[in-house]
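Have a look at query-v7.txt; it's compact mmCIF, C-alpha atoms (C1' of nucleotides):
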# COMPACT_ATOMS: atom_id res chain seq x y z
CA MET M 1 0.00 0.00 0.00
CA ALA M 2 1.31 3.41 -0.91
CA LEU M 3 0.01 6.93 -1.36
CA VAL M 4 -0.05 7.79 -5.04
CA LYS M 5 -0.89 11.30 -6.29
CA ILE M 6 -2.29 11.48 -9.81
CA ALA M 7 -2.92 14.79 -11.56
CA THR M 8 -4.33 16.31 -14.72
CA PHE M 9 -3.23 19.68 -16.08
CA ASN M 10 -4.00 21.36 -19.39
CA VAL M 11 -0.80 23.39 -19.74
CA ASN M 12 -1.57 25.31 -22.95
CA SER M 13 2.01 24.82 -24.21
CA VAL M 14 4.34 22.76 -22.03
CA LYS M 15 7.39 24.82 -23.00
CA SER M 16 5.85 28.11 -21.91
CA ARG M 17 4.63 26.50 -18.65
CA LEU M 18 8.02 25.21 -17.44
CA PRO M 19 8.46 28.04 -14.88
CA VAL M 20 5.05 27.25 -13.35
CA LEU M 21 5.81 23.52 -13.30
CA LYS M 22 9.22 24.19 -11.75
CA GLN M 23 7.69 26.26 -8.94
CA TRP M 24 5.10 23.55 -8.36
CA PHE M 25 7.64 20.72 -8.21
CA ASP M 26 10.00 22.74 -6.00
CA ALA M 27 7.26 23.78 -3.55
CA SER M 28 6.01 20.23 -2.97
CA GLU M 29 6.92 16.72 -3.95
CA GLY M 30 5.03 16.87 -7.26
CA PRO M 31 2.45 14.28 -8.30
CA ASP M 32 3.54 10.69 -8.93
CA ILE M 33 1.67 10.62 -12.22
CA LEU M 34 1.03 13.85 -14.11
CA CYS M 35 -1.16 13.90 -17.20
CA LEU M 36 -0.70 16.95 -19.41
CA GLN M 37 -2.84 18.17 -22.27
CA GLU M 38 -2.22 20.78 -24.95
CA THR M 39 1.54 20.40 -24.80
CA LYS M 40 1.62 22.04 -28.25
CA CYS M 41 4.98 20.72 -29.34
CA LYS M 42 6.24 17.97 -31.55
CA ASP M 43 7.97 15.01 -29.92
CA SER M 44 11.48 16.14 -30.87
CA ASP M 45 10.84 19.43 -28.99
CA PHE M 46 9.32 17.92 -25.84
CA PRO M 47 11.28 19.15 -22.75
CA LYS M 48 12.05 15.62 -21.59
CA GLU M 49 15.22 16.62 -19.71
CA PHE M 50 13.30 19.06 -17.51
CA PHE M 51 10.97 16.32 -16.26
CA GLU M 52 13.73 13.72 -16.00
CA GLU M 53 15.59 16.00 -13.59
CA TYR M 54 12.56 15.73 -11.30
CA GLY M 55 12.62 11.95 -11.60
CA TYR M 56 9.84 11.48 -14.13
CA PHE M 57 9.60 8.96 -16.94
CA CYS M 58 8.13 10.71 -19.97
CA THR M 59 5.52 9.30 -22.33
CA PHE M 60 4.31 11.83 -24.84
CA SER M 61 2.72 12.34 -28.21
CA GLY M 62 2.47 15.76 -29.75
CA MET M 63 2.37 17.79 -32.91
CA LYS M 64 3.38 21.27 -33.95
CA ALA M 65 1.26 24.10 -32.44
CA TYR M 66 -1.87 22.11 -31.52
CA ASN M 67 -2.99 19.39 -29.12
CA GLY M 68 -0.37 17.12 -27.57
CA VAL M 69 -0.60 14.92 -24.47
CA ALA M 70 2.00 13.59 -22.05
CA VAL M 71 2.14 11.32 -19.02
CA LEU M 72 4.98 12.04 -16.62
CA SER M 73 5.42 9.32 -14.02
CA LYS M 74 7.75 8.47 -11.18
CA PHE M 75 7.26 4.81 -12.12
CA LYS M 76 8.29 3.28 -15.40
CA PRO M 77 5.24 2.43 -17.52
CA ASP M 78 4.80 -1.22 -18.47
CA ALA M 79 2.96 -0.28 -21.65
CA ALA M 80 1.93 2.81 -23.58
CA GLU M 81 -0.43 3.34 -26.50
CA PHE M 82 -1.45 6.43 -28.43
CA GLY M 83 -4.76 7.45 -29.96
CA LEU M 84 -8.12 5.72 -29.73
CA GLY M 85 -6.75 2.59 -31.36
CA ASP M 86 -9.91 1.88 -33.37
CA GLY M 87 -8.55 2.63 -36.84
CA LYS M 88 -11.43 5.08 -37.25
CA ALA M 89 -9.55 8.37 -37.36
CA GLU M 90 -11.33 10.41 -39.98
CA GLY M 91 -9.45 11.79 -42.98
CA GLY M 92 -6.78 14.27 -41.95
CA ARG M 93 -7.32 13.70 -38.24
CA GLU M 94 -4.93 10.80 -37.67
CA GLU M 95 -2.12 12.97 -36.33
CA SER M 96 -4.34 15.05 -34.04
CA GLU M 97 -5.98 11.94 -32.55
CA THR M 98 -2.60 10.43 -31.74
CA ALA M 99 -1.86 13.74 -29.98
CA ARG M 100 -5.09 13.59 -27.95
CA VAL M 101 -5.06 10.23 -26.17
CA ILE M 102 -2.34 8.39 -24.28
CA ARG M 103 -2.94 5.15 -22.47
CA VAL M 104 -0.34 4.02 -19.95
CA ARG M 105 -0.31 0.99 -17.69
CA PHE M 106 1.62 0.55 -14.45
CA GLY M 107 1.11 -3.02 -13.26
CA ASP M 108 -2.65 -3.31 -12.75
CA LEU M 109 -3.19 0.47 -12.82
CA ASN M 110 -4.51 1.78 -16.12
CA ILE M 111 -4.37 5.47 -16.99
CA ILE M 112 -6.13 7.09 -19.95
CA ASN M 113 -5.10 10.69 -20.51
CA ALA M 114 -7.46 12.40 -22.95
CA TYR M 115 -7.80 15.78 -24.58
CA VAL M 116 -11.27 15.73 -26.11
CA PRO M 117 -11.84 18.02 -29.13
CA GLN M 118 -13.38 21.32 -28.05
CA GLY M 119 -16.01 21.25 -30.81
CA LYS M 120 -15.80 24.84 -32.07
CA GLU M 121 -19.52 25.61 -32.57
CA ILE M 122 -22.71 23.56 -32.37
CA GLU M 123 -23.40 24.05 -36.08
CA SER M 124 -19.84 23.21 -37.17
CA PRO M 125 -18.69 19.73 -38.28
CA GLU M 126 -16.33 19.75 -35.28
CA PHE M 127 -19.22 19.37 -32.84
CA PRO M 128 -20.58 16.02 -34.12
CA TYR M 129 -16.96 14.91 -34.38
CA LYS M 130 -16.58 15.71 -30.67
CA LEU M 131 -19.69 13.65 -29.88
CA ARG M 132 -18.32 10.75 -31.92
CA PHE M 133 -15.05 11.10 -30.01
CA PHE M 134 -16.95 10.43 -26.76
CA ASP M 135 -18.63 7.40 -28.35
CA ARG M 136 -15.24 6.10 -29.45
CA LEU M 137 -13.84 6.59 -25.92
CA LEU M 138 -16.74 4.47 -24.68
CA SER M 139 -15.96 1.81 -27.30
CA LEU M 140 -12.35 1.84 -26.16
CA LEU M 141 -13.44 1.17 -22.57
CA GLU M 142 -15.77 -1.61 -23.68
CA ARG M 143 -13.10 -3.14 -25.89
CA ASP M 144 -9.99 -3.02 -23.72
CA TYR M 145 -11.08 -2.75 -20.06
CA LYS M 146 -13.51 -4.00 -17.44
CA ASN M 147 -15.22 -1.66 -15.02
CA THR M 148 -13.77 -3.73 -12.20
CA ASP M 149 -10.23 -2.85 -13.35
CA LYS M 150 -8.17 -0.17 -11.67
CA LEU M 151 -8.72 2.48 -14.32
CA LEU M 152 -8.61 6.27 -14.42
CA LEU M 153 -9.82 8.36 -17.33
CA LEU M 154 -8.57 11.87 -16.80
CA GLY M 155 -7.89 14.97 -18.78
CA ASP M 156 -9.51 17.94 -20.44
CA LEU M 157 -12.80 16.42 -21.58
CA ASN M 158 -14.18 19.81 -22.71
CA VAL M 159 -17.52 19.25 -20.99
CA ALA M 160 -19.04 20.80 -17.89
CA PRO M 161 -21.54 18.05 -17.08
CA THR M 162 -23.90 19.75 -14.59
CA ASP M 163 -25.22 23.21 -13.73
CA ILE M 164 -22.74 23.71 -10.89
CA ASP M 165 -19.82 23.05 -13.25
CA VAL M 166 -20.18 26.51 -14.84
CA THR M 167 -20.80 29.98 -13.46
CA HIS M 168 -23.93 30.91 -15.45
CA PRO M 169 -25.58 27.75 -16.76
CA GLU M 170 -28.68 29.63 -18.00
CA ASN M 171 -26.80 31.33 -20.86
CA LYS M 172 -24.58 28.44 -21.89
CA GLU M 173 -27.01 25.97 -23.42
CA SER M 174 -25.58 26.48 -26.90
CA HIS M 175 -21.96 26.29 -25.77
CA VAL M 176 -20.07 23.27 -27.15
CA CYS M 177 -18.91 22.37 -23.63
CA PHE M 178 -22.38 22.66 -22.07
CA HIS M 179 -24.86 21.68 -24.80
CA ARG M 180 -27.21 18.86 -23.78
CA ASP M 181 -25.76 16.54 -26.44
CA VAL M 182 -22.24 16.75 -25.00
CA LYS M 183 -23.52 16.31 -21.44
CA GLU M 184 -25.45 13.26 -22.64
CA ALA M 185 -22.26 11.88 -24.24
CA PHE M 186 -20.39 12.42 -20.96
CA PHE M 187 -23.02 10.61 -18.88
CA LYS M 188 -23.16 7.76 -21.39
CA LEU M 189 -19.42 7.34 -20.87
CA ILE M 190 -19.87 7.52 -17.09
CA SER M 191 -22.59 4.87 -17.19
CA TRP M 192 -20.06 2.28 -18.44
CA GLY M 193 -18.89 2.21 -14.83
CA LEU M 194 -17.00 5.36 -13.99
CA VAL M 195 -17.26 7.60 -10.94
CA ASP M 196 -16.73 11.36 -11.13
CA ILE M 197 -14.00 11.26 -8.48
CA PHE M 198 -13.31 15.01 -8.55
CA ARG M 199 -16.98 15.76 -7.84
CA LEU M 200 -17.27 12.96 -5.27
CA HIS M 201 -14.69 14.69 -3.10
CA ARG M 202 -15.66 18.27 -3.96
CA PRO M 203 -19.46 18.33 -4.02
CA GLY M 204 -19.93 22.06 -3.54
CA GLU M 205 -20.39 24.97 -5.92
CA GLY M 206 -17.50 26.97 -7.34
CA GLU M 207 -15.15 24.02 -7.92
CA PHE M 208 -13.56 24.85 -11.25
CA SER M 209 -10.45 23.85 -13.20
CA PHE M 210 -10.49 26.50 -15.93
CA TRP M 211 -10.80 30.27 -15.80
CA ASP M 212 -10.87 31.91 -19.20
CA TYR M 213 -8.10 34.38 -19.98
CA ARG M 214 -10.66 36.65 -21.61
CA VAL M 215 -12.81 37.09 -18.52
CA LYS M 216 -11.53 39.96 -16.40
CA ASP M 217 -10.27 38.76 -12.99
CA ALA M 218 -11.84 35.38 -13.67
CA LEU M 219 -9.88 33.58 -10.94
CA LYS M 220 -10.47 36.27 -8.33
CA ARG M 221 -14.19 36.39 -9.16
CA ASN M 222 -14.19 32.60 -9.59
CA ILE M 223 -15.89 32.68 -12.98
CA GLY M 224 -14.85 29.34 -14.34
CA TRP M 225 -15.63 25.91 -15.69
CA ARG M 226 -15.06 22.38 -14.43
CA ILE M 227 -13.97 20.71 -17.66
CA ASP M 228 -10.83 18.90 -16.45
CA HIS M 229 -11.90 15.60 -15.01
CA ILE M 230 -10.72 12.70 -12.92
CA LEU M 231 -13.01 9.77 -13.64
CA GLY M 232 -12.33 6.30 -12.34
CA THR M 233 -13.77 2.86 -11.83
CA LYS M 234 -15.20 1.92 -8.43
CA PRO M 235 -11.95 0.34 -7.20
CA MET M 236 -10.24 3.67 -7.87
CA ALA M 237 -13.05 5.74 -6.33
CA ASP M 238 -12.86 3.53 -3.23
CA ALA M 239 -9.09 4.06 -3.07
CA CYS M 240 -9.26 7.86 -3.39
CA LEU M 241 -8.48 9.83 -0.25
CA GLY M 242 -9.10 13.32 -1.61
CA VAL M 243 -8.91 15.76 -4.52
CA GLU M 244 -7.12 19.11 -4.59
CA VAL M 245 -7.55 21.93 -7.11
CA GLU M 246 -4.19 23.69 -7.38
CA ARG M 247 -5.54 27.22 -7.64
CA GLU M 248 -2.17 28.74 -6.79
CA LEU M 249 -0.79 27.52 -10.15
CA ARG M 250 -3.48 29.59 -11.86
CA ALA M 251 -2.46 32.61 -9.76
CA MET M 252 1.24 32.45 -10.73
CA GLU M 253 3.02 34.54 -13.32
CA LYS M 254 2.31 33.23 -16.83
CA PRO M 255 -0.32 30.69 -15.77
CA SER M 256 -2.23 28.38 -18.04
CA ASP M 257 -5.95 29.21 -18.22
CA HIS M 258 -6.51 25.77 -16.68
CA THR M 259 -5.05 24.58 -13.43
CA ALA M 260 -4.00 21.19 -12.14
CA VAL M 261 -6.35 18.86 -10.29
CA VAL M 262 -4.68 16.25 -8.08
CA ALA M 263 -6.25 13.12 -6.62
CA SER M 264 -4.58 11.07 -3.87
CA PHE M 265 -5.01 7.32 -3.81
CA GLU M 266 -4.09 4.60 -1.36
CA LEU M 267 -3.02 1.85 -3.75
C1' DA C 1 -19.02 38.54 -20.03
C1' DT C 2 -16.18 32.86 -25.36
C1' DG C 3 -15.79 41.15 -25.59
C1' DG C 4 -11.82 42.09 -23.44
C1' DT C 5 -6.21 36.90 -23.68
C1' DC C 6 -2.78 33.94 -24.68
C1' DG C 7 0.18 30.80 -27.36
C1' DA C 8 1.93 29.29 -31.68
C1' DC C 9 2.94 30.91 -35.91
C1' DT C 10 2.74 34.51 -39.39
C1' DC C 11 -1.07 37.39 -38.88
C1' DT C 12 -4.61 34.55 -37.95
C1' DC C 13 -6.37 30.53 -35.79
C1' DG C 14 -7.69 27.73 -31.89
C1' DA C 15 -9.27 27.62 -27.23
What is this structure when it is put down as structure tokens?
Amino acid sequence: MALVKIATFNVNSVKSRLPVLKQWFDASEGPDILCLQETKCKDSDFPKEFFEEYGYFCTFSGMKAYNGVAVLSKFKPDAAEFGLGDGKAEGGREESETARVIRVRFGDLNIINAYVPQGKEIESPEFPYKLRFFDRLLSLLERDYKNTDKLLLLGDLNVAPTDIDVTHPENKESHVCFHRDVKEAFFKLISWGLVDIFRLHRPGEGEFSFWDYRVKDALKRNIGWRIDHILGTKPMADACLGVEVERELRAMEKPSDHTAVVASFEL
DNA sequence: ATGGTCGACTCTCGA
């Protein structure tokens, strides 16, 4: 049995976020497993050495300018896979899908780090693509895992599933991260056998992971969204001791618009 | 309050 801290953080460019990450790692021990999204750099540019100095093994898959995911871990992964693995990437989207999903296994612990497409606008082709992406995540769970496995699905899922996950739900019904169709897709995924572990430990209002750069004093006024998620099977929910939202990272110089969410497990 | 910024890459797009 050991305490294992597992985190998700949309960094909006890993290279520009190194000072924030450095302060975080220096101030505390740093999570044991850190899932990043929107690293925005190709694999040859990934700042591997930075993370290795803090004792992390690096598993990453990126592309120039957009998307990109990474799993930094204090344990060496036993296996790693990229993308949804269903051979169904639509024309021209192969590269971006590989840069949106990483699956890593440590013994019997399975981690899926996902950056779900944002969806642009309801009337755009990107929105139905986003909905299909959720369906394909569900197919991946059905295909490769059991809901009795130790499994976490975490990352920027670009959906605020309930009214308390946004600041003003009444005017967000046509937002791609709050439309009923995307909430339905989220709950369909959940119903496979996942628990919203973040929400389980933080049931109150005002628990957000993202504060838009464009909203004046968004962090101070706490105008945000809960779109970064830590979902897990029941064995993982049972093993979770607590969840922390690292608001201080969002308050630092040159923050990401998202912050890190960290769950502690007794595994 | 996705209006207002930020990051990557050419100046405009994506979030």
Residues of chain C that approach chain M to 8 Å or less, counting all atoms listed in the file: could you list each one with the shortest pair of atoms and its distance in Å to one decimal, rows by chain and increasing residue number, as JSON lines?
{"residue": "C:DA1", "atom": "C1'", "partner": "M:Val215", "partner_atom": "CA", "distance": 6.6}
{"residue": "C:DT2", "atom": "C1'", "partner": "M:Arg214", "partner_atom": "CA", "distance": 7.7}
{"residue": "C:DG3", "atom": "C1'", "partner": "M:Arg214", "partner_atom": "CA", "distance": 7.9}
{"residue": "C:DG4", "atom": "C1'", "partner": "M:Arg214", "partner_atom": "CA", "distance": 5.9}
{"residue": "C:DT5", "atom": "C1'", "partner": "M:Tyr213", "partner_atom": "CA", "distance": 4.9}
{"residue": "C:DC6", "atom": "C1'", "partner": "M:Tyr213", "partner_atom": "CA", "distance": 7.1}
{"residue": "C:DG7", "atom": "C1'", "partner": "M:Ser13", "partner_atom": "CA", "distance": 7.0}
{"residue": "C:DA8", "atom": "C1'", "partner": "M:Ala65", "partner_atom": "CA", "distance": 5.3}
{"residue": "C:DC9", "atom": "C1'", "partner": "M:Ala65", "partner_atom": "CA", "distance": 7.8}
{"residue": "C:DA15", "atom": "C1'", "partner": "M:Gln118", "partner_atom": "CA", "distance": 7.6}
(Q) Using only C-alpha atoms (C1' of nucleotides) and a cutoff of 6 Å, can you tell me which residues are near (-7.1, 6.6, -14.6) in the file's coordinates, and write them out as a list in words? (A) Asn110, Ile111, Ile112, Leu151, Leu152, Leu153, Leu154 and Gly232 of chain M
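The spacing separating atom CA of M:Leu194 from atom CA of M:Asp32 amounts to 21.8 Å.
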- Task: Could you give me, as a list in words, the residues within 8 Å of M:Glu121, counting all atoms listed in the file and dropping anything in the same chain fewer than 5 positions from it?
- Result: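 The residues satisfying every condition are Glu126, Phe127, His175 and Val176 of chain M.
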Selection from above, C-alpha atoms, as a short mmCIF file (atom, residue, chain, number, x, y, z; two decimals), keeping the file's coordinate frame, can you write it?
data_model
loop_
_atom_site.label_atom_id
_atom_site.label_comp_id
_atom_site.auth_asym_id
_atom_site.auth_seq_id
_atom_site.Cartn_x
_atom_site.Cartn_y
_atom_site.Cartn_z
CA GLU M 126 -16.33 19.75 -35.28
CA PHE M 127 -19.22 19.37 -32.84
CA HIS M 175 -21.96 26.29 -25.77
CA VAL M 176 -20.07 23.27 -27.15
#
Please write out, as AutoDock Vina command-line options, where the centre of an axis-aligned box around all listed atoms of stretch 2-7 of chain C lies and how long its edges are, in Å to one decimal, after adding 5 Å on each side.
--center_x -8.0 --center_y 36.4 --center_z -25.4 --size_x 26.4 --size_y 21.3 --size_z 13.9
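Across the structure, atom CA of M:Cys177 and atom CA of M:Ala160 are spaced 6.0 Å apart.
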- Item | M:Thr39 surroundings by only C-alpha atoms (C1' of nucleotides), 6 Å radius, close-in-sequence under 5 positions cut, as JSON, numbers by chain | {"M": [13, 14, 68, 69]}
- Task: Point out the residue among M:Arg180, M:Arg247, M:Lys5, M:Lys150 with the least atom-to-atom distance to M:Leu231, counting all atoms listed in the file.
- Result: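 Result for the nearest residue to M:Leu231: M:Lys150.
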Do you know which residues are at most 9 Å from M:Leu18 counting only C-alpha atoms (C1' of nucleotides), after dropping those on the same chain fewer than 5 positions away, and could you put them as a PDB file with C-alpha atoms, in the coordinates of the input?
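Result file out38.pdb:
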ATOM      1  CA  GLN M  23       7.690  26.260  -8.940  1.00  0.00           C
ATOM      2  CA  PRO M  47      11.280  19.150 -22.750  1.00  0.00           C
ATOM      3  CA  PHE M  50      13.300  19.060 -17.510  1.00  0.00           C
TER       4      PHE M  50
END
Item to complete: Would you work out the distance separating atom CA of M:Thr167 from atom CA of M:Arg202, expressed in Å to one decimal?
Response: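 Straight-line distance from atom CA of M:Thr167 to atom CA of M:Arg202 works out to 15.9 Å.
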Could you please give me, as a JSON list (two decimals) with C-alpha atoms, in the frame of the given file, the residues of protein, DNA or RNA lying at most 9 Å from (-12.0, 15.8, -12.9) in the coordinate frame of the file, considering all atoms listed in the file?
[["chain", "number", "residue", "atom", "x", "y", "z"],
["M", 8, "THR", "CA", -4.33, 16.31, -14.72],
["M", 153, "LEU", "CA", -9.82, 8.36, -17.33],
["M", 154, "LEU", "CA", -8.57, 11.87, -16.80],
["M", 155, "GLY", "CA", -7.89, 14.97, -18.78],
["M", 156, "ASP", "CA", -9.51, 17.94, -20.44],
["M", 157, "LEU", "CA", -12.80, 16.42, -21.58],
["M", 196, "ASP", "CA", -16.73, 11.36, -11.13],
["M", 197, "ILE", "CA", -14.00, 11.26, -8.48],
["M", 198, "PHE", "CA", -13.31, 15.01, -8.55],
["M", 199, "ARG", "CA", -16.98, 15.76, -7.84],
["M", 209, "SER", "CA", -10.45, 23.85, -13.20],
["M", 226, "ARG", "CA", -15.06, 22.38, -14.43],
["M", 227, "ILE", "CA", -13.97, 20.71, -17.66],
["M", 228, "ASP", "CA", -10.83, 18.90, -16.45],
["M", 229, "HIS", "CA", -11.90, 15.60, -15.01],
["M", 230, "ILE", "CA", -10.72, 12.70, -12.92],
["M", 231, "LEU", "CA", -13.01, 9.77, -13.64],
["M", 243, "VAL", "CA", -8.91, 15.76, -4.52],
["M", 261, "VAL", "CA", -6.35, 18.86, -10.29],
["M", 262, "VAL", "CA", -4.68, 16.25, -8.08],
["M", 263, "ALA", "CA", -6.25, 13.12, -6.62]]
Residue with the minimum atom-to-atom distance to M:Thr162, picked from M:Gly242, M:Gly87, M:Pro117, M:Gly204 with only C-alpha atoms counted, is M:Gly204
Might you pull out every residue within 10 Å of stretch 27-30 of chain M, with all atoms listed in the file counted and same-chain residues fewer than 5 positions away left off, and present them as an MDAnalysis selection string?
chainID M and resid 5:7 21:22 54 56 74 262
